[in-house]
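Source file: upload_31.cif (mmCIF, C-alpha atoms)
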```
data_input
#
loop_
_atom_site.label_atom_id
_atom_site.label_comp_id
_atom_site.auth_asym_id
_atom_site.auth_seq_id
_atom_site.Cartn_x
_atom_site.Cartn_y
_atom_site.Cartn_z
CA MET A 580 21.53 11.29 6.13
CA ALA A 581 18.50 10.51 8.25
CA ALA A 582 20.70 9.97 11.29
CA SER A 583 22.30 13.39 10.83
CA ILE A 584 18.87 14.98 10.50
CA CYS A 585 17.74 13.38 13.75
CA SER A 586 20.89 14.45 15.56
CA SER A 587 20.53 18.06 14.43
CA PHE A 588 17.23 18.47 16.29
CA ASN A 589 16.34 17.81 19.87
CA ASN A 590 14.11 14.78 20.48
CA ASP A 591 10.99 16.76 21.33
CA MET A 592 11.18 18.70 18.08
CA VAL A 593 11.69 15.55 15.99
CA ILE A 594 8.76 13.81 17.66
CA ASP A 595 6.51 16.83 17.18
CA ILE A 596 7.36 17.12 13.47
CA PHE A 597 7.03 13.43 12.68
CA ALA A 598 3.88 13.04 14.76
CA ARG A 599 2.08 15.34 12.33
CA LEU A 600 2.88 13.24 9.26
CA PRO A 601 0.43 10.73 7.74
CA VAL A 602 0.94 7.04 8.44
CA LYS A 603 1.70 6.26 4.78
CA THR A 604 4.67 8.66 4.85
CA LEU A 605 5.99 7.33 8.15
CA LEU A 606 5.86 3.74 6.93
CA ARG A 607 8.17 4.70 4.08
CA PHE A 608 10.63 6.25 6.55
CA LYS A 609 10.93 2.98 8.50
CA SER A 610 13.30 1.56 5.87
CA VAL A 611 15.46 4.69 5.63
CA SER A 612 17.57 4.22 8.75
CA LYS A 613 17.67 2.48 12.11
CA PRO A 614 17.21 5.76 14.08
CA LEU A 615 14.01 6.52 12.16
CA LEU A 616 12.79 2.94 12.55
CA SER A 617 13.41 3.12 16.28
CA LEU A 618 11.53 6.42 16.52
CA ILE A 619 8.50 5.38 14.48
CA THR A 620 8.06 2.06 16.31
CA ASN A 621 8.45 3.60 19.77
CA PRO A 622 5.20 3.20 21.79
CA LYS A 623 5.47 6.77 23.11
CA PHE A 624 5.77 8.11 19.59
CA ILE A 625 2.81 6.01 18.44
CA SER A 626 0.73 7.49 21.26
CA SER A 627 1.90 11.00 20.37
CA HIS A 628 1.03 10.45 16.70
CA LEU A 629 -2.44 9.16 17.62
CA HIS A 630 -3.01 12.21 19.79
CA GLN A 631 -2.23 14.46 16.81
CA SER A 632 -4.41 12.37 14.49
CA THR A 633 -7.47 12.82 16.69
CA LYS A 634 -7.39 16.52 15.81
CA ASN A 635 -8.00 15.62 12.14
CA SER A 636 -10.54 12.84 12.26
CA SER A 637 -12.40 11.58 9.20
CA LEU A 638 -15.82 10.10 8.63
CA VAL A 639 -15.71 6.49 7.43
CA PHE A 640 -18.49 4.85 5.44
CA HIS A 641 -18.66 1.32 4.05
CA PHE A 642 -20.63 -0.04 1.14
CA SER A 643 -20.79 -3.03 -1.21
CA HIS A 644 -18.77 -3.06 -4.38
CA ASN A 645 -18.88 -5.34 -7.41
CA GLU A 646 -15.16 -6.13 -7.35
CA PHE A 647 -14.37 -5.76 -3.64
CA PRO A 648 -16.60 -6.97 -0.80
CA ILE A 649 -16.18 -3.66 0.98
CA ALA A 650 -14.42 -0.35 0.52
CA MET A 651 -13.78 2.42 2.99
CA LEU A 652 -14.46 6.04 2.11
CA TYR A 653 -12.60 8.68 4.12
CA TYR A 654 -14.45 11.98 4.21
CA THR A 655 -11.97 14.66 5.32
CA GLU A 656 -13.22 17.75 3.52
CA PRO A 657 -16.55 18.61 1.88
CA THR A 658 -15.22 17.67 -1.57
CA THR A 659 -12.57 15.04 -0.75
CA LEU A 660 -13.31 11.30 -0.70
CA HIS A 661 -10.66 8.58 -0.50
CA ALA A 662 -11.46 4.92 -1.14
CA VAL A 663 -9.49 2.18 0.63
CA HIS A 664 -10.08 -1.51 -0.04
CA ILE A 665 -9.72 -4.41 2.36
CA PRO A 666 -6.36 -6.26 2.38
CA SER A 667 -5.97 -9.72 0.87
CA SER A 668 -5.22 -11.18 4.32
CA MET A 669 -8.94 -11.06 5.08
CA LYS A 670 -9.77 -13.25 2.09
CA ASP A 671 -8.59 -16.60 3.37
CA TYR A 672 -11.63 -18.50 2.15
CA SER A 673 -12.97 -19.23 -1.30
CA PHE A 674 -15.98 -17.07 -0.45
CA LYS A 675 -15.84 -13.31 -0.59
CA PRO A 676 -16.44 -12.11 2.97
CA ARG A 677 -19.39 -9.95 3.89
CA ILE A 678 -18.06 -7.45 6.37
CA HIS A 679 -19.87 -5.55 9.08
CA ILE A 680 -17.99 -2.78 10.88
CA LYS A 681 -18.97 -2.93 14.53
CA GLY A 682 -16.71 -0.28 16.02
CA SER A 683 -14.04 2.34 15.29
CA CYS A 684 -11.73 3.74 17.93
CA GLY A 685 -8.12 4.87 18.19
CA GLY A 686 -7.41 4.12 14.53
CA LEU A 687 -8.45 0.45 14.64
CA LEU A 688 -11.69 -1.00 13.30
CA TYR A 689 -13.48 -3.89 14.97
CA MET A 690 -15.12 -6.02 12.27
CA GLU A 691 -17.37 -9.03 11.86
CA MET A 692 -16.78 -11.12 8.72
CA PHE A 693 -19.10 -13.73 7.25
CA PHE A 694 -17.82 -16.35 4.80
CA GLY A 695 -20.69 -18.12 3.09
CA CYS A 696 -23.63 -19.01 5.33
CA CYS A 697 -22.06 -20.31 8.53
CA VAL A 698 -18.39 -19.40 8.90
CA PHE A 699 -17.60 -16.05 10.48
CA HIS A 700 -14.76 -14.36 12.32
CA TYR A 701 -14.14 -11.22 14.35
CA GLY A 702 -11.07 -9.15 13.69
CA LEU A 703 -9.14 -5.94 14.17
CA TRP A 704 -8.14 -3.94 11.12
CA ASN A 705 -5.81 -0.97 10.80
CA PRO A 706 -6.70 0.59 7.41
CA ALA A 707 -3.67 2.92 7.55
CA THR A 708 -1.10 0.12 7.89
CA ARG A 709 -3.36 -2.50 6.22
CA GLN A 710 -2.76 -4.92 9.11
CA PHE A 711 -5.47 -7.38 10.08
CA LYS A 712 -5.80 -9.85 12.93
CA LYS A 713 -8.48 -12.34 13.90
CA ILE A 714 -9.69 -12.21 17.48
CA GLU A 715 -9.96 -15.55 19.24
CA GLU A 716 -13.46 -16.19 20.52
CA PRO A 717 -13.93 -16.43 24.32
CA GLN A 718 -14.56 -19.88 25.71
CA GLN A 719 -17.70 -18.68 27.48
CA CYS A 720 -20.81 -18.58 25.28
CA ILE A 721 -23.16 -15.64 25.84
CA ASN A 722 -26.63 -14.44 24.86
CA LEU A 723 -25.44 -11.08 23.60
CA LEU A 724 -27.08 -7.81 24.67
CA SER A 725 -24.45 -5.29 23.58
CA GLU A 726 -20.98 -4.90 22.13
CA GLY A 727 -18.53 -2.04 22.21
CA PHE A 728 -14.97 -1.24 21.13
CA CYS A 729 -12.84 1.43 22.82
CA HIS A 730 -9.30 2.68 23.32
CA SER A 731 -7.93 3.88 26.65
CA SER A 732 -4.99 6.24 26.28
CA LYS A 733 -4.43 6.09 30.05
CA ILE A 734 -3.33 2.45 29.94
CA ASN A 735 -2.62 2.24 26.18
CA ASP A 736 -5.08 -0.56 25.58
CA TYR A 737 -7.88 -1.35 23.13
CA LYS A 738 -10.81 -3.24 24.62
CA LEU A 739 -13.76 -5.15 23.22
CA VAL A 740 -16.72 -5.39 25.61
CA ARG A 741 -19.64 -7.82 25.32
CA THR A 742 -22.49 -7.86 27.81
CA GLY A 743 -25.23 -10.45 28.12
CA TYR A 744 -26.46 -13.60 29.85
CA PHE A 745 -24.03 -16.49 30.14
CA LEU A 746 -25.11 -19.91 28.82
CA TYR A 747 -24.69 -23.15 30.73
CA PRO A 748 -23.03 -26.13 29.02
CA ALA A 749 -25.38 -29.04 28.32
CA THR A 750 -22.60 -31.31 29.59
CA PRO A 751 -18.94 -30.60 30.41
CA ARG A 752 -17.88 -31.86 26.98
CA THR A 753 -20.71 -30.74 24.72
CA ARG A 754 -22.00 -27.51 23.28
CA TYR A 755 -23.74 -24.80 25.25
CA ASP A 756 -27.46 -25.22 25.79
CA ARG A 757 -29.21 -22.03 24.68
CA ARG A 758 -32.28 -23.02 26.70
CA ARG A 759 -30.33 -22.69 29.96
CA VAL A 760 -29.43 -19.02 30.43
CA ASP A 761 -28.04 -17.39 33.54
CA SER A 762 -30.28 -14.65 34.97
CA VAL A 763 -27.38 -12.30 35.78
CA VAL A 764 -25.97 -9.88 33.22
CA ARG A 765 -22.20 -10.16 32.95
CA ALA A 766 -19.51 -8.81 30.66
CA LEU A 767 -16.69 -10.37 28.66
CA VAL A 768 -13.79 -7.96 28.11
CA PHE A 769 -11.02 -8.54 25.57
CA SER A 770 -7.70 -6.75 26.13
CA TRP A 771 -5.57 -5.89 23.10
CA ARG A 772 -2.42 -5.69 25.24
CA LYS A 773 -2.95 -9.05 26.95
CA ASP A 774 -4.60 -10.72 23.95
CA SER A 775 -7.05 -12.43 26.28
CA TRP A 776 -10.60 -12.31 27.63
CA ARG A 777 -11.78 -11.86 31.22
CA THR A 778 -15.16 -11.97 32.92
CA VAL A 779 -16.47 -8.85 34.66
CA GLU A 780 -19.36 -8.92 37.14
CA ASP A 781 -20.76 -5.54 38.13
CA GLY A 782 -23.98 -4.54 39.86
CA ALA A 783 -24.43 -1.63 37.44
CA LEU A 784 -24.92 -4.01 34.51
CA LEU A 785 -28.51 -4.32 33.32
CA GLY A 786 -30.61 -5.83 30.56
CA GLY A 787 -32.71 -4.08 27.95
CA SER A 788 -32.48 -2.79 24.41
CA PHE A 789 -29.05 -1.25 23.72
CA SER A 790 -28.17 1.50 21.26
CA ASP A 791 -25.00 1.50 19.19
CA PRO A 792 -22.02 2.27 21.46
CA VAL A 793 -20.33 5.66 21.72
CA THR A 794 -16.76 6.27 22.90
CA VAL A 795 -15.83 9.39 24.87
CA LYS A 796 -12.25 9.82 26.09
CA GLY A 797 -11.73 6.08 25.87
CA ASP A 798 -14.86 5.09 27.81
CA LEU A 799 -17.88 3.33 26.31
CA TYR A 800 -21.49 4.51 26.55
CA TRP A 801 -24.77 2.86 25.55
CA LYS A 802 -28.29 4.20 25.76
CA VAL A 803 -30.43 1.43 27.29
CA SER A 804 -34.22 1.20 26.95
CA ARG A 805 -36.09 -1.17 29.22
CA GLU A 806 -39.60 -1.75 30.51
CA GLY A 807 -40.31 0.09 33.74
CA ASN A 808 -43.34 0.24 36.01
CA TYR A 809 -46.74 -0.04 34.33
CA LEU A 810 -44.99 -1.13 31.12
CA ALA A 811 -43.67 2.40 30.57
CA SER A 812 -40.35 2.48 28.76
CA GLU A 813 -37.46 4.07 30.65
CA GLU A 814 -34.13 5.08 29.22
CA LEU A 815 -30.75 5.57 30.83
CA VAL A 816 -27.07 5.44 29.90
CA LEU A 817 -24.73 2.59 30.80
CA ALA A 818 -21.06 3.62 30.88
CA PHE A 819 -17.91 1.47 30.93
CA ASP A 820 -14.65 2.77 32.40
CA SER A 821 -12.06 1.17 30.12
CA SER A 822 -9.16 1.84 32.51
CA ASN A 823 -10.69 -0.03 35.46
CA ASP A 824 -13.28 -2.33 33.79
CA VAL A 825 -16.06 -0.78 35.89
CA PHE A 826 -19.63 0.04 34.81
CA ARG A 827 -21.89 2.86 35.99
CA ARG A 828 -25.39 4.14 35.23
CA ILE A 829 -26.28 7.69 34.19
CA GLU A 830 -29.80 9.14 34.22
CA LEU A 831 -31.04 11.11 31.22
CA PRO A 832 -32.21 14.74 31.61
CA GLY A 833 -35.40 14.91 33.63
CA LEU A 834 -36.98 17.46 31.30
CA ILE A 835 -37.16 14.98 28.45
CA ASN A 836 -40.58 13.35 28.17
CA GLN A 837 -39.32 9.83 27.67
CA SER A 838 -42.84 8.37 27.70
CA ASN A 839 -43.70 10.25 24.50
CA PRO A 840 -43.07 7.80 21.63
CA SER A 841 -42.76 10.68 19.17
CA TYR A 842 -39.34 11.58 20.53
CA THR A 843 -36.19 9.61 19.77
CA THR A 844 -32.93 10.10 21.64
CA THR A 845 -29.43 9.38 20.34
CA ILE A 846 -26.14 9.64 22.22
CA THR A 847 -22.94 10.88 20.59
CA GLU A 848 -19.47 12.21 21.39
CA PHE A 849 -19.05 15.98 21.35
CA LYS A 850 -15.81 17.80 22.22
CA GLY A 851 -14.75 15.16 24.72
CA SER A 852 -18.17 14.92 26.40
CA LEU A 853 -21.24 12.76 26.00
CA GLY A 854 -23.94 14.43 23.92
CA LEU A 855 -27.65 13.66 23.61
CA LEU A 856 -29.69 14.43 20.49
CA VAL A 857 -33.47 14.65 21.02
CA PHE A 858 -35.45 14.48 17.77
CA LEU A 859 -39.20 14.78 17.21
CA GLU A 860 -40.24 12.00 14.84
CA TYR A 861 -42.86 12.56 12.13
CA SER A 862 -42.16 16.28 12.21
CA SER A 863 -42.32 18.44 9.08
CA ASN A 864 -38.86 19.82 9.90
CA SER A 865 -35.55 18.57 11.26
CA GLY A 866 -35.70 20.42 14.57
CA PHE A 867 -33.91 18.87 17.53
CA ASP A 868 -32.41 19.63 20.92
CA PHE A 869 -28.79 18.94 21.81
CA TRP A 870 -27.77 18.21 25.42
CA VAL A 871 -24.25 17.76 26.82
CA LEU A 872 -23.25 15.84 29.95
CA ASN A 873 -20.94 17.46 32.49
CA GLU A 874 -19.39 14.58 34.41
CA SER A 875 -16.92 14.87 37.28
CA ARG A 876 -15.35 12.15 39.39
CA THR A 877 -13.95 13.07 42.80
CA GLY A 878 -13.24 10.81 45.73
CA GLY A 879 -14.68 7.80 43.97
CA ASN A 880 -18.02 9.56 43.42
CA ASN A 881 -19.48 10.48 40.02
CA ARG A 882 -21.45 13.68 39.60
CA CYS A 883 -23.45 14.08 36.39
CA CYS A 884 -25.28 17.16 35.18
CA TRP A 885 -26.97 17.62 31.80
CA ARG A 886 -27.33 21.02 30.15
CA ARG A 887 -29.12 21.91 26.96
CA LEU A 888 -26.48 23.25 24.58
CA LEU A 889 -28.72 24.33 21.72
CA THR A 890 -32.12 24.00 20.10
CA VAL A 891 -32.28 23.73 16.31
CA GLY A 892 -35.50 24.77 14.61
CA THR A 893 -36.64 24.23 11.04
CA LEU A 894 -34.00 23.18 8.51
CA SER A 895 -34.22 23.32 4.74
CA LYS A 896 -33.60 19.54 4.57
CA ILE A 897 -35.40 16.87 6.58
CA GLY A 898 -33.02 14.55 8.44
CA ARG A 899 -32.63 12.66 11.71
CA PRO A 900 -29.58 13.64 13.81
CA ILE A 901 -27.41 10.58 14.40
CA SER A 902 -24.04 11.89 15.56
CA ALA A 903 -21.67 14.85 15.93
CA TRP A 904 -18.37 15.37 14.14
CA ARG A 905 -15.97 18.32 14.29
CA CYS A 906 -18.58 20.56 15.96
CA LYS A 907 -21.08 19.70 13.23
CA ILE A 908 -24.21 17.55 13.48
CA ILE A 909 -24.53 14.56 11.16
CA LEU A 910 -28.09 14.00 9.95
CA LYS A 911 -29.40 11.06 7.96
CA ASN A 912 -31.56 12.06 5.01
CA LEU A 913 -35.21 11.06 5.57
CA MET A 914 -36.27 11.62 1.98
CA GLY A 915 -35.90 7.98 0.95
CA GLU A 916 -32.14 7.81 0.47
CA ASN A 917 -29.41 6.46 2.76
CA SER A 918 -27.41 9.65 2.39
CA PHE A 919 -26.24 12.18 4.94
CA PHE A 920 -25.71 15.88 5.41
CA LEU A 921 -23.76 17.99 7.91
CA TYR A 922 -25.26 20.91 9.80
CA ASP A 923 -23.07 23.63 11.29
CA PRO A 924 -25.05 25.16 14.20
CA ILE A 925 -22.83 28.28 14.24
CA SER A 926 -22.95 29.23 10.55
CA GLN A 927 -26.19 27.26 9.97
CA GLU A 928 -24.58 25.90 6.80
CA ILE A 929 -25.77 22.57 5.39
CA ILE A 930 -23.22 20.38 3.55
CA ASP A 931 -24.37 17.35 1.56
CA VAL A 932 -22.41 14.10 1.91
CA PRO A 933 -22.94 12.30 -1.43
CA ILE A 934 -22.55 8.76 -0.08
CA LEU A 935 -25.20 6.03 0.13
CA SER A 936 -24.49 4.02 3.28
CA ASP A 937 -26.24 2.59 6.33
CA ASN A 938 -23.65 3.60 8.92
CA VAL A 939 -21.01 6.24 9.54
CA TYR A 940 -18.03 6.09 11.91
CA ASP A 941 -15.44 8.50 13.23
CA TYR A 942 -11.92 7.47 12.22
CA VAL A 943 -8.33 8.60 12.79
CA GLU A 944 -5.05 7.18 11.52
CA THR A 945 -2.67 5.30 13.81
CA LEU A 946 0.60 3.37 13.68
CA ALA A 947 -0.64 0.96 16.35
CA SER A 948 -0.19 -2.71 15.51
CA VAL A 949 -3.22 -4.99 15.59
CA ASP A 950 -1.03 -7.51 17.45
CA GLY A 951 -0.87 -5.47 20.64
CA THR A 952 2.21 -4.36 22.52
CA LYS A 953 3.81 -7.76 22.99
#
```

Kindly return the structure encoded in the file as structure tokens.
Amino acid sequence: MAASICSSFNNDMVIDIFARLPVKTLLRFKSVSKPLLSLITNPKFISSHLHQSTKNSSLVFHFSHNEFPIAMLYYTEPTTLHAVHIPSSMKDYSFKPRIHIKGSCGGLLYMEMFFGCCVFHYGLWNPATRQFKKIEEPQQCINLLSEGFCHSSKINDYKLVRTGYFLYPATPRTRYDRRRVDSVVRALVFSWRKDSWRTVEDGALLGGSFSDPVTVKGDLYWKVSREGNYLASEELVLAFDSSNDVFRRIELPGLINQSNPSYTTTITEFKGSLGLLVFLEYSSNSGFDFWVLNESRTGGNNRCCWRRLLTVGTLSKIGRPISAWRCKIILKNLMGENSFFLYDPISQEIIDVPILSDNVYDYVETLASVDGTK
């Protein structure tokens, strides 16, 4: 029956219809017929389905639970929460793992898992398909400065990026000596497609204090704070081009008084561009400015221009802006609780998110396997 259904439509129509279905439904169809199995496992269809999923992203929170070490909460509508627990494949030790989500991109989660006091692993998890895979550690040891996880649709690859100072081995056959650190910042890049690590050296790499990473159109961005002249703190953005494994630096808007410690800046993704939230700490309201980066690349040159998109004055609730989602601003409640609320700058509506959590991530469903394309 399924074969006759597929033959009665042209391929483009079938792909468009199936690409709008949830992953759970598509997984059931895989056992219906060989034509449907072939369609759903086709890399082009998986990419098309992911493209559709990005239009309906969710917010993902994680928290401790008495029975399960961690549970995911999908926040799709103001009143809809869906809990998803970790698969049993993660629990391969007698200890219950403590899990720290370190990145979410393209439907896969990059996670750090601790078993007991000393044993830990890194892994990729697809909550929609419940697949999990451990990531082999690179042979090179590093004094870590930053980490980031991204997905490039241009080359259909997920990448994990670590920057820091390389450590020298004490001897060729012994452990690394943490007292002997290279003075050059380098990067280790893991490719999901190749299932391997490579070293990247780039003059744009720099040291400092890194923010949590942000992904925009598959590229990674960090806000970096470092000591400048006369011990004044300077901030800039370090970007990673996931298609070419190249780094670049981006200056922040010149109108921001970065030397004023009362202001905090946070980068975020907004409608396919890099956004910058500027918040006045210790203020009696939740007012903030929101800037957006216009970035163009022509002839190998990058042109960057910031523009102030909006200024938000006093709000009825006090919160610190931490991110943007579906044209709304996510603010963390500053009234003593680890809860959040959404602010719609157009309607000025405030929506409470009744979840106690430390972190929030953008998430979309995908059929992509954690094992790569091999």

Legend entry - Ground truth for the PyMOL selection byres ((chain A and resi 924-937) around 7), written as JSON, numbers by chain: {"A": [640, 641, 642, 907, 917, 918, 919, 920, 921, 922, 923, 938]}

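Picture a line from atom CA of A:Phe869 to atom CA of A:Leu856; it runs 4.8 Å.
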
Inset, instruction - Just say which residues the PyMOL selection byres ((chain A and resi 819) around 10) picks in this file, as a ChimeraX atom specification. - result: /A:727,729,740,783-784,794,797-801,817-818,820-828

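With the shown file loaded, the PyMOL selection byres ((chain A and resi 946) around 7) picks out A:Val602, A:Ile625, A:Thr708, A:Thr945, A:Ala947, A:Ser948.
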
Inset, instruction - Can you work out the spacing between atom CA of A:Ile846 and atom CA of A:Asp736 in Å, to one decimal? - result: 23.6 Å
